[in-house]
Amino acid sequence: MSMPPPPGYDPRQQQHPQQYQQPPQQQQQQYGRPSRMSDSSLRLVWIYPDLLSTYGDRGNALVLERRARQRGLAVSRIDVRSDQPVPTSGDIYLIGGGEDRPQRLAAERLRQDSGLARAVDNGAIVFSVCAGYQILGHEFINDLGQREPGLGLLDVWSTRGEGARSVGDVLAEPDPRLGLPTLTGFENHQGVTHLGQGVSPLATVTAGGPHGGGNGDGNGTEGAWRDTVFGTYLHGPVLARNPAVADLLIKLALDVNALPPADTTWYDALRAERIAATGQPA
Amino acid sequence: MPGTGSEAAAPGARDSSLPARAKLAVTAGKVAAAASRTVGRGSGSVIGGKVALKLDPDLLAKLADHLDVVLVSATNGKTTTTRLIAEALRAAGPVVSNALGANMPAGITAALAGGSDARYGVIEVDEKYLAGVARDTSPKAIALLNLSRDQLDRAAETRMMAEKWREGLQDTDAVIIANADDPLVTWAASSCRRVVWVAAGQAWKEDAWSCPSCGGVMQRPGDDWYCQECGFRRPQPHWALQGVHVVDPNGAAWPIQLQLPGRANLANATSSAAVAAVFGVPPQVALERMQSVSAVAGRYDVVSYQGRDVRLLLAKNPAGWLETFSLIDGPPAPVILSVNAMDADGTDTSWLWDVDYERLAGHPVFVMGQRKLDLAVRLEVAGLQFHVVDSLADAVRMAPPGRIEAIANYTAFQQLRKVVAG
């Protein structure tokens, strides 16, 4: 189930309609490719930490780096400031959360810089959080209260929630096709995100969130994904709370089904604690 | 809540000069404070101030009327700087101050109501209340030290805070003493008529990469900063911190000799010297008086616990942790980290990932507090060796010899103080 688009919303006017209306055959071809990694180094690109790194988003980059290195991979991380071009040769792109004005500035600059869209065309993996997630969609409401075009890399659009901000711990059960355990995270947003036909919900909220948590679209969904592009409202940071998601991104980048094991003792302890704490009625 | 200090509302000689309604309000406030103390709910200063403010909303203005007031606000360092300024101004006359950090209107009212025949009011103000308190107290000076991310699950955005300051202070007659090295503070102060710029430094830069004025990308070569797009840039400072000296507007350098450790406190002393000068206290006199301060509301206090020396350090947000790491003893000094996530701390622990815990490499590290598992994951990813413990006693027992540095966030710090006090 997804909500109808808001009044006046016309997907045909969006920036990159072709990217979220790919026919399935093309997707097949993408997945059939050999590993994208041209050398032995995993190229991690963190987009605009100067604008979108408000809620410990650096943690997602650090966890990815750590878990890749634990598997013996070399990692090169490129932090792209908002006055620099987005490289197109990355394997995994991270784009994080931020405040309302930096979000608008980031969207403006990313629309002018087509690097991320080209990287996605090449099959790169994108993992976006909160403000970054909204930017990947067709549009969101900016700090001036206006509709701001996004990048159209995910078939979602965001509006502003009517009630109080959604703030607090959340649990969600991921899309079974992703093979992930329960997601735990901390959300803090005013936006409501509606999902179109071109994406699937990343997960279904099971606990937390005074307004249903997650996308807040009334369907209990959290985040969205299609192919190699992911979006979520969860901070925490989400990859520190869910190392299996970090491993999934690495597997997609390597185009492998499994990775050598890497210790998760402390992650597991933290997850158990947060899952127990969030499951309790407030 | 941060800033719920414990100063009691003592009887004050100034009460006799207050109008009848204000006098009644002060009395009622004291009764409420006494009742609060009796039922064991703390020192009662905040509830006393709340009752008093309800009876007379203008009370704060009336209480401040006879004082030369300086307000101090910032994300970090406001309690310490308030204390340093209070010490400096005592050279010129009696001072009343909310010295223990009750920094919202009720706590400020309670502190001033306890002020006797003070001539100066040195008042720490929570960032969110600065504009209102500035309106009520007609300050002679306002010190703005720094702004950075803090408790984002409940606080306003950092830049919005700067905007609130800018709008709320633009018509003030007060002399603004502002940190020229903080672009957000500079932007907040730059619409004011009278500004004394202080180059106090700023280690944490992650909240000001985007120009507060136009949104352009900030250029930050060395200590300088400017926006290439709109021309907003670091103002020429009148005062500066240079090494361990304060350089005054005449170019004279005065040595800073503090008992308080760290670069951040050298910066606080520099701003305090600039404030003292507004009140006619020369820098050498001000700095000499600041030397007497050894601990502020338990912060920096070296206590003896189970036969070991433990230094208690408060760090509430990434900027605060960064400054704290720069002042602790080098390896192999044992370090205890304690982090809670109660309402007063902020319930979102994501900020742990903005802190460079990698800098603790080589220290034996002990992790405790309500959110020790969040810390454990953070330290694991940082590649550090650490022990997760259940109590301060356990950490101290396991710690190798040497003075122990205990760094904690807000409520975790209060808990440590309670434990070491027995």
# chains A, B, ... in the order shown; residues from 1 in each chain; ligands from 1
>>> residues_around(residues="segment 406-419 of chain B", least_positions_apart="6", cutoff="7 Å", atoms="only C-alpha atoms", output="PyMOL selection string")
chain B and resi 310-316+335-340+344-345+369
>>> residues_around(residues="segment 55-62 of chain B", least_positions_apart="5", cutoff="7 Å", atoms="only C-alpha atoms", output="PyMOL selection string")
chain B and resi 21-22+25+109+136-137
>>> closest_atom_pairs(of="chain B", to="chain A", cutoff="9 Å", atoms="only C-alpha atoms", output="CSV")
residue,atom,partner,partner_atom,distance
B:Arg149,CA,A:Thr54,CA,7.8
B:Leu152,CA,A:Tyr55,CA,7.8
B:Asp153,CA,A:Asn188,CA,6.6
B:Arg154,CA,A:Val167,CA,8.7
B:Glu157,CA,A:Glu99,CA,6.7
B:Thr158,CA,A:Glu99,CA,8.8
B:Arg159,CA,A:Glu99,CA,8.9
B:Glu206,CA,A:Asp50,CA,7.0
B:Asp207,CA,A:Asp50,CA,7.9
B:Ala208,CA,A:Asp50,CA,8.1
B:Trp209,CA,A:Asp50,CA,5.5
B:Ser210,CA,A:Leu51,CA,6.8
B:Gly215,CA,A:Leu105,CA,7.1
B:Gly216,CA,A:Leu105,CA,8.6
B:Val217,CA,A:Asp83,CA,6.6
B:Thr347,CA,A:Gly168,CA,7.7
B:Asp348,CA,A:Phe186,CA,6.7
B:Thr349,CA,A:Gly236,CA,6.7
B:Ser350,CA,A:Gly56,CA,4.7
B:Trp351,CA,A:Gly56,CA,4.9
B:Leu352,CA,A:Gly56,CA,6.9
B:Trp353,CA,A:Gly56,CA,4.9
B:Asp354,CA,A:Gly56,CA,5.3
B:Val355,CA,A:Gly56,CA,8.8
B:Arg371,CA,A:Leu270,CA,8.8
B:Lys372,CA,A:Leu270,CA,8.8
B:Leu373,CA,A:Leu270,CA,5.2
B:Asp374,CA,A:Leu270,CA,6.3
B:Ala376,CA,A:Trp266,CA,6.3
B:Val377,CA,A:Trp266,CA,5.6
B:Arg378,CA,A:Ala240,CA,7.9
B:Glu380,CA,A:Trp266,CA,7.7
B:Val381,CA,A:Arg66,CA,6.1
B:Ala382,CA,A:Leu62,CA,8.0
B:Gly383,CA,A:Arg66,CA,8.5
>>> write_last_selection(atoms="N, CA and C atoms", output="mmCIF file, in the first residue's frame")
data_model
loop_
_atom_site.group_PDB
_atom_site.id
_atom_site.type_symbol
_atom_site.label_atom_id
_atom_site.label_comp_id
_atom_site.auth_asym_id
_atom_site.auth_seq_id
_atom_site.Cartn_x
_atom_site.Cartn_y
_atom_site.Cartn_z
ATOM 1 N N ARG B 149 26.718 21.700 18.485
ATOM 2 C CA ARG B 149 25.633 20.725 18.629
ATOM 3 C C ARG B 149 25.580 20.178 20.051
ATOM 4 N N LEU B 152 20.516 17.151 20.502
ATOM 5 C CA LEU B 152 19.701 17.475 19.337
ATOM 6 C C LEU B 152 18.315 16.847 19.383
ATOM 7 N N ASP B 153 18.105 15.866 20.276
ATOM 8 C CA ASP B 153 16.776 15.274 20.334
ATOM 9 C C ASP B 153 15.766 16.218 20.962
ATOM 10 N N ARG B 154 16.250 17.287 21.605
ATOM 11 C CA ARG B 154 15.277 18.187 22.223
ATOM 12 C C ARG B 154 15.622 19.657 22.040
ATOM 13 N N GLU B 157 18.085 23.522 16.489
ATOM 14 C CA GLU B 157 19.251 23.388 15.647
ATOM 15 C C GLU B 157 20.271 24.456 16.034
ATOM 16 N N THR B 158 21.538 24.123 15.849
ATOM 17 C CA THR B 158 22.597 25.009 16.301
ATOM 18 C C THR B 158 22.536 26.368 15.604
ATOM 19 N N ARG B 159 22.327 26.338 14.296
ATOM 20 C CA ARG B 159 22.268 27.615 13.593
ATOM 21 C C ARG B 159 21.027 28.420 13.983
ATOM 22 N N GLU B 206 32.986 21.445 13.468
ATOM 23 C CA GLU B 206 32.057 20.702 12.611
ATOM 24 C C GLU B 206 30.662 21.324 12.480
ATOM 25 N N ASP B 207 30.370 22.360 13.278
ATOM 26 C CA ASP B 207 29.048 22.969 13.155
ATOM 27 C C ASP B 207 29.073 24.262 12.355
ATOM 28 N N ALA B 208 30.216 24.583 11.789
ATOM 29 C CA ALA B 208 30.284 25.862 11.086
ATOM 30 C C ALA B 208 31.040 25.748 9.761
ATOM 31 N N TRP B 209 30.767 24.701 9.031
ATOM 32 C CA TRP B 209 31.328 24.598 7.689
ATOM 33 C C TRP B 209 30.461 25.321 6.676
ATOM 34 N N SER B 210 29.245 25.619 7.098
ATOM 35 C CA SER B 210 28.306 26.269 6.201
ATOM 36 C C SER B 210 28.095 27.690 6.715
ATOM 37 N N GLY B 215 24.908 30.438 3.715
ATOM 38 C CA GLY B 215 24.909 29.007 3.409
ATOM 39 C C GLY B 215 26.078 28.556 2.561
ATOM 40 N N GLY B 216 26.918 29.473 2.150
ATOM 41 C CA GLY B 216 28.083 29.108 1.351
ATOM 42 C C GLY B 216 29.048 28.245 2.139
ATOM 43 N N VAL B 217 29.956 27.609 1.413
ATOM 44 C CA VAL B 217 30.936 26.760 2.092
ATOM 45 C C VAL B 217 32.010 27.648 2.712
ATOM 46 N N THR B 347 18.496 11.906 24.847
ATOM 47 C CA THR B 347 18.266 10.463 24.827
ATOM 48 C C THR B 347 18.846 9.800 23.582
ATOM 49 N N ASP B 348 19.357 10.603 22.662
ATOM 50 C CA ASP B 348 19.987 10.073 21.454
ATOM 51 C C ASP B 348 21.498 10.023 21.669
ATOM 52 N N THR B 349 22.087 8.848 21.544
ATOM 53 C CA THR B 349 23.526 8.710 21.784
ATOM 54 C C THR B 349 24.356 8.783 20.504
ATOM 55 N N SER B 350 23.742 9.150 19.396
ATOM 56 C CA SER B 350 24.480 9.202 18.118
ATOM 57 C C SER B 350 25.729 10.082 18.210
ATOM 58 N N TRP B 351 25.675 11.115 19.063
ATOM 59 C CA TRP B 351 26.789 12.062 19.161
ATOM 60 C C TRP B 351 28.104 11.385 19.537
ATOM 61 N N LEU B 352 28.027 10.191 20.154
ATOM 62 C CA LEU B 352 29.264 9.489 20.520
ATOM 63 C C LEU B 352 30.163 9.305 19.298
ATOM 64 N N TRP B 353 29.554 9.234 18.126
ATOM 65 C CA TRP B 353 30.302 8.971 16.895
ATOM 66 C C TRP B 353 30.927 10.219 16.319
ATOM 67 N N ASP B 354 30.576 11.377 16.891
ATOM 68 C CA ASP B 354 31.253 12.620 16.501
ATOM 69 C C ASP B 354 32.476 12.882 17.371
ATOM 70 N N VAL B 355 32.662 12.055 18.393
ATOM 71 C CA VAL B 355 33.794 12.235 19.302
ATOM 72 C C VAL B 355 34.944 11.334 18.860
ATOM 73 N N ARG B 371 24.665 3.935 29.224
ATOM 74 C CA ARG B 371 24.838 3.592 27.819
ATOM 75 C C ARG B 371 26.246 3.079 27.540
ATOM 76 N N LYS B 372 26.758 2.258 28.454
ATOM 77 C CA LYS B 372 28.112 1.729 28.290
ATOM 78 C C LYS B 372 28.231 0.856 27.053
ATOM 79 N N LEU B 373 27.140 0.220 26.621
ATOM 80 C CA LEU B 373 27.234 -0.644 25.440
ATOM 81 C C LEU B 373 27.363 0.176 24.161
ATOM 82 N N ASP B 374 26.695 1.340 24.111
ATOM 83 C CA ASP B 374 26.905 2.239 22.969
ATOM 84 C C ASP B 374 28.373 2.649 22.900
ATOM 85 N N ALA B 376 30.854 0.960 24.161
ATOM 86 C CA ALA B 376 31.670 -0.220 23.832
ATOM 87 C C ALA B 376 31.762 -0.401 22.315
ATOM 88 N N VAL B 377 30.631 -0.279 21.617
ATOM 89 C CA VAL B 377 30.661 -0.411 20.156
ATOM 90 C C VAL B 377 31.498 0.709 19.545
ATOM 91 N N ARG B 378 31.321 1.931 20.081
ATOM 92 C CA ARG B 378 32.085 3.065 19.561
ATOM 93 C C ARG B 378 33.590 2.807 19.687
ATOM 94 N N GLU B 380 35.098 -0.131 20.130
ATOM 95 C CA GLU B 380 35.495 -1.287 19.320
ATOM 96 C C GLU B 380 35.796 -0.838 17.894
ATOM 97 N N VAL B 381 34.912 0.002 17.350
ATOM 98 C CA VAL B 381 35.111 0.483 15.977
ATOM 99 C C VAL B 381 36.332 1.399 15.904
ATOM 100 N N ALA B 382 36.625 2.087 17.031
ATOM 101 C CA ALA B 382 37.829 2.927 17.072
ATOM 102 C C ALA B 382 39.093 2.079 17.208
ATOM 103 N N GLY B 383 38.922 0.765 17.415
ATOM 104 C CA GLY B 383 40.072 -0.131 17.521
ATOM 105 C C GLY B 383 40.773 -0.051 18.872
#
>>> select_by_dssp(residues="segment 75-265 of chain B", states="strand (DSSP E)", output="NGL selection string")
:B and (95-97 or 120-124 or 141-144 or 175-179 or 195-199 or 218-219 or 226-227 or 239-242 or 245-247 or 253-255)
>>> residues_around(residues="Val389 of chain B", least_positions_apart="4", cutoff="8 Å", atoms="only C-alpha atoms", output="count of residues only")
5
>>> closest_residue(among="B:Ala274, B:Ala118, B:Ala253, B:Ala86", to="Met290 of chain B", atoms="only C-alpha atoms")
B:Ala86
>>> residues_around(residues="Thr159 of chain A", least_positions_apart="6", cutoff="9 Å", atoms="only C-alpha atoms", output="VMD selection string")
chain A and resid 6 139 to 141 147 190 to 194
>>> select_by_dssp(residues="segment 64-130 of chain B", states="alpha helix (DSSP H)", output="count of residues only")
23
>>> residues_around(residues="Asp309 of chain B", least_positions_apart="2", cutoff="8 Å", atoms="only C-alpha atoms", output="compact mmCIF listing (two decimals) with N, CA and C atoms, in the first residue's frame")
# COMPACT_ATOMS: atom_id res chain seq x y z
N VAL B 302 39.82 17.05 41.91
CA VAL B 302 40.53 15.79 42.12
C VAL B 302 40.10 15.26 43.49
N VAL B 303 39.44 14.09 43.47
CA VAL B 303 38.92 13.54 44.72
C VAL B 303 39.67 12.26 45.05
N SER B 304 39.60 11.90 46.30
CA SER B 304 40.19 10.63 46.71
C SER B 304 39.06 9.62 46.84
N TYR B 305 39.21 8.50 46.13
CA TYR B 305 38.17 7.48 46.18
C TYR B 305 38.84 6.12 46.26
N GLY B 307 41.21 5.21 48.04
CA GLY B 307 42.66 5.37 48.09
C GLY B 307 43.30 5.81 46.79
N ARG B 311 40.25 12.41 39.00
CA ARG B 311 39.87 13.77 38.57
C ARG B 311 38.54 13.69 37.82
N GLY B 402 48.32 5.33 39.10
CA GLY B 402 48.33 6.65 38.50
C GLY B 402 47.01 7.36 38.75
N ARG B 403 47.03 8.69 38.59
CA ARG B 403 45.79 9.44 38.76
C ARG B 403 44.80 9.05 37.66
N ILE B 404 43.56 8.84 38.07
CA ILE B 404 42.55 8.39 37.12
C ILE B 404 41.76 9.59 36.60
>>> closest_residue(among="A:Gly152, A:Pro174, A:Gly90, A:Gly123", to="Leu110 of chain A", atoms="only C-alpha atoms")
A:Gly152
